[in-house]
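Comments concern the structure below.
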Amino acid sequence: MMPFHTRLFGAVVALTLAATAPALSQQLELKIMAPAAPGGGWDQTARAMQQALVAAKIARSVQVTNVAGAGGSVGIAQFVNGAKGDGNQMMVNGFVMVGALAMNKSPVTLEQVTPIARLTEEIQVIVVPANSPLKTAQDLAAAVKADIAKVTFAGGSAGGVDHVMAALFAGTIGADAKKINYIPFSGGGESLAAILGGKVTAGISGLSEYEGQIKSGKLRALGVTSEKRIAGIDIPTFKEQGIDLVLANWRSVVAPPGITPEQRKTLSEAVEKMVQSDAWKDILKQKGWDDAYLSGDAFADFLKKETTRVTDVLKSVGLVKS
Amino acid sequence: METFAALAHGMAVAVQPMNLLYALIGVFLGTAVGVLPGIGPALTVALLLPVTYKLDPGGSLIMFAGIYYGGMYGGSTTAILINTPGESASMATALEGNKMAKAGRGGPALATSAIGSFVAGTIATIGLAFLAPWLVDFAVRFGPEDYFALMCVAFVTVSATFGDSPIRGLTSLFIGLTLGLIGIDKLTGQARLAFGMPELLDGVEVTTLAVGLFAVGEALHVASRRHHAEEKIEPVRGSLWMTRQDWMRSWKPWLRGTMFGFPIGALPAGGAEIPTFLSYSTEKRLSKHPEEFGKGAIEGVAGPEAANNASAAGTLVPLLTLGLPTSATAAMMLAGFQQYGLNPGPLLFAERPDLVWGLIASLFIANVMLLVLNLPLVGLWVRLLAIPQPWLYAGILVFATMGTIAAKPSVVELSMLAAFGVLGFLMRRFDFPIAPVVVGLILGPIAESQLRRALAISLGDPIVLLQSPMSATLLGIALTALVAPFVLKGLGRFKASED
């Protein structure tokens, strides 16, 4: 059941967008579920897909539905049970869902869905307030090793990508990840206030969220989690500072269980065409998302590996009982 | 002064015909969605984002701001007329507003809320224009321990204000606190009291609880009384407009409400609920007609409504100066900024002054438009009350259900609505105040996580609560508010015996 207004709005949006593109689009009529409330990253991804798929005339219409709750646990349950075998439906998901499913002991897992493709990723960053004595990632590592409980990390929800990253950081430098003093804040920039106000030692977040503060000099970035330095961003990676911490907050799209190989092929091709379209590239640029397209078996493998890695980390910090 | 010049320039941007049109569309949409419970301004902005993608940034941001302010107006209309707060921030308004409406004073209630919103919105927008850089420094220094202390003040004042006896008020408050425990614990990510239902993992939705307790509970209560004596609702008694006395009793609450709303709204975790309830408690205490509270006191509408709108302007302080979204709608507006490659934050004022000051100027204009749009509607709205009771309440039930379904389409959510309705009915039947339940649900989880955050940062040392001057002061206020009534009573007795 969809709220009437969302449906109406969706239809209006689809119509306006369809009207601007000359007719003769393919006959695909897709439904994309964002397993989160309007406004968040998954919702924005779903709506960006809607925009690009229609603008590039890959699909005739795309409807976005929101099923919010528990880091996607509610959405995926509904998706797996309700959309089984439907080759016209997809769901957006990402890193955070992996942890949420493990922590909520969800009966539905990511093994049940049909992987389609990874779409975007966002690099993570560790920041400190401008007046902090810590200058490099090694300084932070030394502080953590000296007294792990005294180093407070502010970040997003418990078990989310920021939390996993704090644990990975501690683990990588040889500290006991179980003892990290991680303080979760409910998004909405609350953690940024705590960092700027000097209430915590360091903050963890997606790079784009803090970019303005870093550029204006209010925050100092100690390191980013990318494999190599990113062009145009003057922040050293953890790797080049001798800390093997590579991580990205990825978002992907999956199809329901039980679809035929042909249906899977159709959806994969549609998504592939979409990521190659100018409309999609424009959106990525506009939103500051990095293209991380990975499809087919390579993506399925990736999904499996990430699931194992995240679950292990969450077990190590005691969030998931084994 | 530099600010004046910038504001004048912004005004020039805002009065361009296209931007005026966007503001008008915004306030109209905002009022419409504010009236419907469940469909808040956040959802509306979210749905409009893809549509506005092709418009120019200034225009669509102005429209979003209009929606935001409009939503705050609209929410109070249903709160007053049919006791169904469109969003949690207009709950305090419902308390006295609906009583006034039932006593035939719906006109003045709506008028004082519209004018109060205008006054508060205007003052707060001026505050936004001039105080933003200073206020944001203050807001950022507000740490977890300070928030916890602020919550303590809110708990003490609220539980002392509602109900005939503190015990009843506290009972209600604790029902709310218990409901607030449901869901994933924010600090450890573990589920509490969810009984294995994934729908409960995110906790109880505030609007579902509020609509259930207020609207559904009310409908059941009215239905149960029909065989006794029919409650007489007078659509209009006396003047539709505010009398001289109404004005006299309204203007101070408007100003005081603004003083609560703007700074607390500017706090990253402040919100609109705390200032509205603080304002309600304050007005009840300061009123020359405390006996009217609970029966429809105009101060109880004027204050919270002003606080509500002032907090909306307050929210824009951290959004524009730091890029900190502190409410769902502000988060959506941030997404709107980013859609155009703009990053709100310290650099925005320097990089795009036309946009920022155009937005601030259009807030003034949105306020005027809302007043013009809402005042003539007062006469129309109060006619709603002339609808025969069975029809009206049937309509309210449909309305409440639709709103809940729109916000969260699930059977569990509807069952909760029904359950809360029954709870609301029972509480009315046995004379327990309803508002503290909702206050407990909203503030309980915040107080808990802020306290635990403060303790995590201090490594478990409770002294941290007294070390911050802000927190120590606030805790002092809470303690005084708790003890003062007893001391005063004792002093009174002492004096009496002296005589």
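Please note that chains go A, B, ... in the order of the structure tokens, that every chain numbers its residues from 1, and that ligands are numbered from 1 in the order shown.
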>> Taking only range 95-304 of chain B into account, list the residues labelled alpha helix (DSSP H) by DSSP (computed from the backbone), as a ChimeraX atom specification.
In response: /B:95-100,106-141,144-161,166-181,206-211,217-225,244-266,273-286,299-304
Would you mind exporting the chosen residues as a compact mmCIF listing (two decimals), in the first residue's frame, restricted to C-alpha atoms?
# COMPACT_ATOMS: atom_id res chain seq x y z
CA LEU B 95 -4.67 21.93 24.54
CA GLU B 96 -6.29 25.33 24.98
CA GLY B 97 -7.12 26.05 21.35
CA ASN B 98 -9.59 23.24 21.01
CA LYS B 99 -11.26 24.14 24.29
CA MET B 100 -11.66 27.67 23.00
CA GLY B 106 -12.57 29.38 17.62
CA GLY B 107 -12.29 32.68 15.76
CA PRO B 108 -10.13 34.46 18.33
CA ALA B 109 -8.08 31.26 18.84
CA LEU B 110 -7.26 31.01 15.15
CA ALA B 111 -6.64 34.73 14.95
CA THR B 112 -4.29 34.84 17.91
CA SER B 113 -2.41 31.87 16.53
CA ALA B 114 -2.11 33.44 13.06
CA ILE B 115 -1.07 36.84 14.34
CA GLY B 116 1.17 35.31 17.00
CA SER B 117 2.87 33.20 14.34
CA PHE B 118 3.34 36.31 12.27
CA VAL B 119 4.78 38.33 15.13
CA ALA B 120 7.06 35.50 16.24
CA GLY B 121 8.07 34.63 12.70
CA THR B 122 8.98 38.23 11.98
CA ILE B 123 10.95 38.79 15.17
CA ALA B 124 12.73 35.48 14.76
CA THR B 125 13.57 36.23 11.14
CA ILE B 126 15.06 39.54 12.23
CA GLY B 127 16.99 37.54 14.82
CA LEU B 128 18.12 35.20 12.07
CA ALA B 129 19.35 38.14 10.00
CA PHE B 130 21.26 39.84 12.79
CA LEU B 131 22.15 37.29 15.44
CA ALA B 132 22.88 34.18 13.36
CA PRO B 133 26.68 34.25 13.56
CA TRP B 134 26.67 34.88 17.29
CA LEU B 135 23.88 32.46 18.08
CA VAL B 136 25.50 29.64 16.19
CA ASP B 137 28.59 29.84 18.38
CA PHE B 138 26.40 29.48 21.41
CA ALA B 139 24.49 26.61 19.84
CA VAL B 140 27.61 24.66 18.98
CA ARG B 141 28.92 24.92 22.52
CA PRO B 144 25.15 16.63 25.62
CA GLU B 145 25.16 17.49 29.33
CA ASP B 146 23.51 20.85 28.58
CA TYR B 147 20.81 19.17 26.54
CA PHE B 148 20.16 16.76 29.36
CA ALA B 149 19.81 19.67 31.79
CA LEU B 150 17.41 21.42 29.38
CA MET B 151 15.31 18.24 29.24
CA CYS B 152 15.20 18.16 33.03
CA VAL B 153 13.77 21.68 33.04
CA ALA B 154 11.18 20.59 30.49
CA PHE B 155 10.20 17.48 32.47
CA VAL B 156 9.77 19.37 35.72
CA THR B 157 7.73 22.21 34.27
CA VAL B 158 5.59 19.97 32.11
CA SER B 159 4.72 17.39 34.75
CA ALA B 160 3.90 20.15 37.21
CA THR B 161 1.69 21.97 34.73
CA PRO B 166 1.08 15.88 40.12
CA ILE B 167 0.59 12.14 40.53
CA ARG B 168 -1.73 12.00 37.54
CA GLY B 169 0.63 14.19 35.50
CA LEU B 170 3.59 11.99 36.41
CA THR B 171 1.67 8.80 35.63
CA SER B 172 0.96 10.11 32.16
CA LEU B 173 4.54 11.25 31.73
CA PHE B 174 5.84 7.79 32.63
CA ILE B 175 3.50 6.09 30.18
CA GLY B 176 5.12 8.30 27.57
CA LEU B 177 8.64 7.57 28.79
CA THR B 178 7.91 3.84 28.59
CA LEU B 179 6.62 4.17 25.05
CA GLY B 180 9.79 6.10 24.29
CA LEU B 181 11.89 3.07 25.20
CA VAL B 206 5.04 10.76 17.57
CA THR B 207 2.27 11.79 15.19
CA THR B 208 0.63 8.37 15.48
CA LEU B 209 0.61 8.67 19.25
CA ALA B 210 -0.58 12.27 19.21
CA VAL B 211 -3.31 11.71 16.66
CA GLY B 217 -9.51 9.23 21.84
CA GLU B 218 -11.67 12.33 21.63
CA ALA B 219 -13.97 10.75 19.06
CA LEU B 220 -14.45 7.66 21.23
CA HIS B 221 -15.06 9.83 24.27
CA VAL B 222 -17.70 11.88 22.50
CA ALA B 223 -19.35 8.75 21.18
CA SER B 224 -19.50 7.27 24.66
CA ARG B 225 -21.14 10.38 26.07
CA ARG B 244 -9.55 44.26 23.08
CA GLN B 245 -9.12 41.96 26.02
CA ASP B 246 -7.88 39.17 23.77
CA TRP B 247 -5.22 41.46 22.39
CA MET B 248 -4.18 42.51 25.87
CA ARG B 249 -3.87 38.89 26.93
CA SER B 250 -2.06 37.80 23.76
CA TRP B 251 0.78 40.15 23.11
CA LYS B 252 2.99 39.21 26.03
CA PRO B 253 2.67 35.46 25.40
CA TRP B 254 3.60 36.11 21.75
CA LEU B 255 6.82 37.78 22.78
CA ARG B 256 7.65 35.28 25.49
CA GLY B 257 6.92 32.40 23.11
CA THR B 258 9.34 33.91 20.62
CA MET B 259 12.01 34.13 23.30
CA PHE B 260 11.61 30.39 23.96
CA GLY B 261 11.24 29.33 20.37
CA PHE B 262 14.03 31.10 18.55
CA PRO B 263 17.07 30.16 20.67
CA ILE B 264 15.92 26.60 21.37
CA GLY B 265 15.06 26.12 17.70
CA ALA B 266 18.59 27.21 16.85
CA GLU B 273 8.34 20.67 20.98
CA ILE B 274 10.32 21.84 24.02
CA PRO B 275 9.76 25.57 23.47
CA THR B 276 6.04 25.10 22.83
CA PHE B 277 5.55 23.20 26.05
CA LEU B 278 7.82 25.49 28.04
CA SER B 279 5.82 28.41 26.73
CA TYR B 280 2.55 26.73 27.66
CA SER B 281 3.77 26.06 31.21
CA THR B 282 5.08 29.59 31.59
CA GLU B 283 1.84 31.17 30.41
CA LYS B 284 -0.17 29.02 32.75
CA ARG B 285 1.95 30.19 35.63
CA LEU B 286 2.02 33.85 34.71
CA GLU B 299 -2.62 32.76 26.48
CA GLY B 300 -2.23 29.01 26.10
CA VAL B 301 -2.72 29.37 22.35
CA ALA B 302 -0.83 32.59 21.76
CA GLY B 303 2.39 31.53 23.52
CA PRO B 304 2.95 28.05 22.07
>> At a cut-off of 9 Å, using only C-alpha atoms, what residues contact Phe95 in chain A? Leave out same-chain residues fewer than 5 positions from it and give the result as a PyMOL selection string.
In response: chain A and resi 160-161+248-252+306-307+310
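Between CA of Phe430 in chain B and CA of Phe195 in chain B lies a distance of 28.8 Å.
Picture a line from CA of Gly270 in chain B to CA of Ile80 in chain B; it runs 24.3 Å.
For the set B:Ala419, B:Val27, B:Arg428, B:Leu384, the residue with the smallest atom-to-atom gap to Asn367 in chain B is B:Val27, counting only C-alpha atoms.
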Residues within 6 Å of range 54-62 of chain A, only C-alpha atoms, excluding chain neighbours under 2 positions, as a JSON list (two decimals) with C-alpha atoms, in the first residue's frame:
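Once everything was written out, this is out_17.json:
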[["chain", "number", "residue", "atom", "x", "y", "z"],
["A", 25, "SER", "CA", 11.08, 5.24, -24.72],
["A", 26, "GLN", "CA", 11.25, 1.56, -24.03],
["A", 27, "GLN", "CA", 8.29, -0.11, -22.48],
["A", 28, "LEU", "CA", 9.93, -0.77, -19.12],
["A", 29, "GLU", "CA", 7.73, 0.27, -16.23],
["A", 30, "LEU", "CA", 9.79, 0.04, -13.09],
["A", 31, "LYS", "CA", 9.17, 0.36, -9.41],
["A", 50, "GLN", "CA", 14.16, 7.52, -11.53],
["A", 51, "GLN", "CA", 15.30, 10.78, -13.04],
["A", 52, "ALA", "CA", 18.10, 9.24, -15.11]]
> Any idea what the distance is between CA of Pro261 in chain A and CA of Thr114 in chain A?
Replying inline: 10.2 Å
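For the choices A:Ser208, A:Gln112, A:Thr65, A:Ser277, the atom-to-atom distance to Lys84 in chain A is smallest for A:Gln112 when using only C-alpha atoms.
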Please report, as a tab-separated table, each residue of range 168-267 of chain B lying at most 12 Å from range 449-469 of chain B, together with the nearest pair of atoms and the separation in Å rounded to one decimal; use only C-alpha atoms, and order rows by chain and ascending residue number.
residue	atom	partner	partner_atom	distance
B:Gly180	CA	B:Ser449	CA	11.5
B:Leu181	CA	B:Ser449	CA	11.0
B:Ile184	CA	B:Ser449	CA	11.8
B:Asp185	CA	B:Ser449	CA	8.6
B:Lys186	CA	B:Ser449	CA	7.0
B:Leu187	CA	B:Ser449	CA	6.9
B:Thr188	CA	B:Ser449	CA	10.3
B:Gly189	CA	B:Ser449	CA	11.9
>> Ranking B:Leu380, B:Trp391, B:Gly58, B:Gly30 by minimum distance to Pro353 in chain B and counting only C-alpha atoms, which one comes first?
In response: B:Gly58
> Leaving out Leu267 in chain A and any residue of its chain fewer than 3 positions from it, which residues lie within 12 Å of it when counting only C-alpha atoms, given as a ChimeraX atom specification?
Replying inline: /A:28-32,53,58-59,86-91,114-117,253-256,259-264,270-274,295-296
Go ahead and save the picked residues with C-alpha atoms, as a tab-separated table (two decimals), in the first residue's frame.
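The new file out-v1.tsv reads:
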chain	number	residue	atom	x	y	z
A	28	LEU	CA	9.93	-0.77	-19.12
A	29	GLU	CA	7.73	0.27	-16.23
A	30	LEU	CA	9.79	0.04	-13.09
A	31	LYS	CA	9.17	0.36	-9.41
A	32	ILE	CA	12.11	1.23	-7.20
A	53	LEU	CA	16.17	6.18	-16.32
A	58	ILE	CA	15.54	3.65	-20.79
A	59	ALA	CA	12.27	3.19	-18.98
A	86	ASP	CA	8.56	-9.53	-10.17
A	87	GLY	CA	11.01	-8.49	-12.86
A	88	ASN	CA	9.91	-4.86	-12.78
A	89	GLN	CA	10.93	-4.06	-9.25
A	90	MET	CA	14.22	-3.06	-7.72
A	91	MET	CA	15.37	-1.89	-4.31
A	114	THR	CA	19.14	-10.89	-6.66
A	115	PRO	CA	22.19	-8.61	-6.91
A	116	ILE	CA	22.10	-6.20	-9.84
A	117	ALA	CA	24.82	-3.58	-9.44
A	253	VAL	CA	20.53	-1.75	-6.35
A	254	VAL	CA	19.08	-5.25	-6.12
A	255	ALA	CA	16.14	-7.16	-7.62
A	256	PRO	CA	13.66	-9.46	-5.89
A	259	ILE	CA	13.25	-13.67	-11.07
A	260	THR	CA	14.20	-15.43	-14.31
A	261	PRO	CA	17.69	-15.05	-15.83
A	262	GLU	CA	16.10	-13.05	-18.67
A	263	GLN	CA	14.47	-10.66	-16.24
A	264	ARG	CA	17.77	-10.26	-14.42
A	270	ALA	CA	18.81	-1.10	-18.03
A	271	VAL	CA	21.02	-0.17	-15.09
A	272	GLU	CA	24.15	-0.42	-17.21
A	273	LYS	CA	22.65	1.89	-19.82
A	274	MET	CA	21.62	4.23	-17.05
A	295	SER	CA	27.81	-5.47	-11.87
A	296	GLY	CA	27.12	-9.15	-12.34
Near-Val15 in chain B list (12 Å; only C-alpha atoms; drop same-chain fewer than 5 positions) as a PDB file with N, CA and C atoms, in the first residue's frame:
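Output file out-v5.pdb follows:
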ATOM      1  N   ALA B   8      18.454  44.576   2.344  1.00  0.00           N
ATOM      2  CA  ALA B   8      17.752  45.360   1.327  1.00  0.00           C
ATOM      3  C   ALA B   8      17.957  44.730  -0.044  1.00  0.00           C
ATOM      4  N   HIS B   9      19.177  44.299  -0.277  1.00  0.00           N
ATOM      5  CA  HIS B   9      19.468  43.633  -1.538  1.00  0.00           C
ATOM      6  C   HIS B   9      18.653  42.343  -1.654  1.00  0.00           C
ATOM      7  N   GLY B  10      18.606  41.609  -0.553  1.00  0.00           N
ATOM      8  CA  GLY B  10      17.826  40.368  -0.538  1.00  0.00           C
ATOM      9  C   GLY B  10      16.364  40.635  -0.824  1.00  0.00           C
ATOM     10  N   LEU B  20       8.075  35.897  -5.887  1.00  0.00           N
ATOM     11  CA  LEU B  20       6.846  36.084  -5.117  1.00  0.00           C
ATOM     12  C   LEU B  20       5.895  34.929  -5.391  1.00  0.00           C
ATOM     13  N   LEU B  21       5.832  34.536  -6.652  1.00  0.00           N
ATOM     14  CA  LEU B  21       4.955  33.435  -7.034  1.00  0.00           C
ATOM     15  C   LEU B  21       5.396  32.153  -6.345  1.00  0.00           C
ATOM     16  N   TYR B  22       6.725  31.894  -6.338  1.00  0.00           N
ATOM     17  CA  TYR B  22       7.234  30.693  -5.673  1.00  0.00           C
ATOM     18  C   TYR B  22       6.889  30.713  -4.192  1.00  0.00           C
ATOM     19  N   ALA B  23       7.038  31.888  -3.579  1.00  0.00           N
ATOM     20  CA  ALA B  23       6.722  32.004  -2.153  1.00  0.00           C
ATOM     21  C   ALA B  23       5.243  31.702  -1.925  1.00  0.00           C
ATOM     22  N   LEU B  24       4.398  32.210  -2.827  1.00  0.00           N
ATOM     23  CA  LEU B  24       2.959  31.997  -2.688  1.00  0.00           C
ATOM     24  C   LEU B  24       2.622  30.513  -2.817  1.00  0.00           C
ATOM     25  N   GLY B  58      17.425  29.943  -6.390  1.00  0.00           N
ATOM     26  CA  GLY B  58      16.815  30.936  -5.512  1.00  0.00           C
ATOM     27  C   GLY B  58      15.324  30.685  -5.371  1.00  0.00           C
ATOM     28  N   GLY B  59      14.641  30.558  -6.510  1.00  0.00           N
ATOM     29  CA  GLY B  59      13.195  30.397  -6.509  1.00  0.00           C
ATOM     30  C   GLY B  59      12.751  29.177  -5.738  1.00  0.00           C
ATOM     31  N   ILE B  62      13.223  29.479  -1.984  1.00  0.00           N
ATOM     32  CA  ILE B  62      12.212  30.375  -1.435  1.00  0.00           C
ATOM     33  C   ILE B  62      10.901  29.615  -1.264  1.00  0.00           C
ATOM     34  N   GLY B 358      18.322  36.671  -0.086  1.00  0.00           N
ATOM     35  CA  GLY B 358      17.046  36.538  -0.791  1.00  0.00           C
ATOM     36  C   GLY B 358      16.128  35.600  -0.028  1.00  0.00           C
ATOM     37  N   LEU B 359      16.704  34.523   0.480  1.00  0.00           N
ATOM     38  CA  LEU B 359      15.925  33.546   1.246  1.00  0.00           C
ATOM     39  C   LEU B 359      15.403  34.176   2.534  1.00  0.00           C
ATOM     40  N   ILE B 360      16.290  34.886   3.241  1.00  0.00           N
ATOM     41  CA  ILE B 360      15.869  35.511   4.502  1.00  0.00           C
ATOM     42  C   ILE B 360      14.775  36.553   4.244  1.00  0.00           C
ATOM     43  N   ALA B 361      14.966  37.348   3.179  1.00  0.00           N
ATOM     44  CA  ALA B 361      13.959  38.355   2.861  1.00  0.00           C
ATOM     45  C   ALA B 361      12.634  37.704   2.499  1.00  0.00           C
ATOM     46  N   SER B 362      12.707  36.582   1.789  1.00  0.00           N
ATOM     47  CA  SER B 362      11.447  35.969   1.389  1.00  0.00           C
ATOM     48  C   SER B 362      10.740  35.331   2.578  1.00  0.00           C
ATOM     49  N   LEU B 363      11.467  35.090   3.663  1.00  0.00           N
ATOM     50  CA  LEU B 363      10.804  34.605   4.870  1.00  0.00           C
ATOM     51  C   LEU B 363       9.874  35.675   5.422  1.00  0.00           C
ATOM     52  N   PHE B 364      10.338  36.941   5.358  1.00  0.00           N
ATOM     53  CA  PHE B 364       9.463  38.048   5.773  1.00  0.00           C
ATOM     54  C   PHE B 364       8.208  38.046   4.915  1.00  0.00           C
ATOM     55  N   ILE B 365       8.439  37.907   3.607  1.00  0.00           N
ATOM     56  CA  ILE B 365       7.312  37.978   2.687  1.00  0.00           C
ATOM     57  C   ILE B 365       6.363  36.803   2.893  1.00  0.00           C
ATOM     58  N   ALA B 366       6.952  35.613   3.108  1.00  0.00           N
ATOM     59  CA  ALA B 366       6.119  34.435   3.352  1.00  0.00           C
ATOM     60  C   ALA B 366       5.238  34.660   4.569  1.00  0.00           C
TER      61      ALA B 366
END
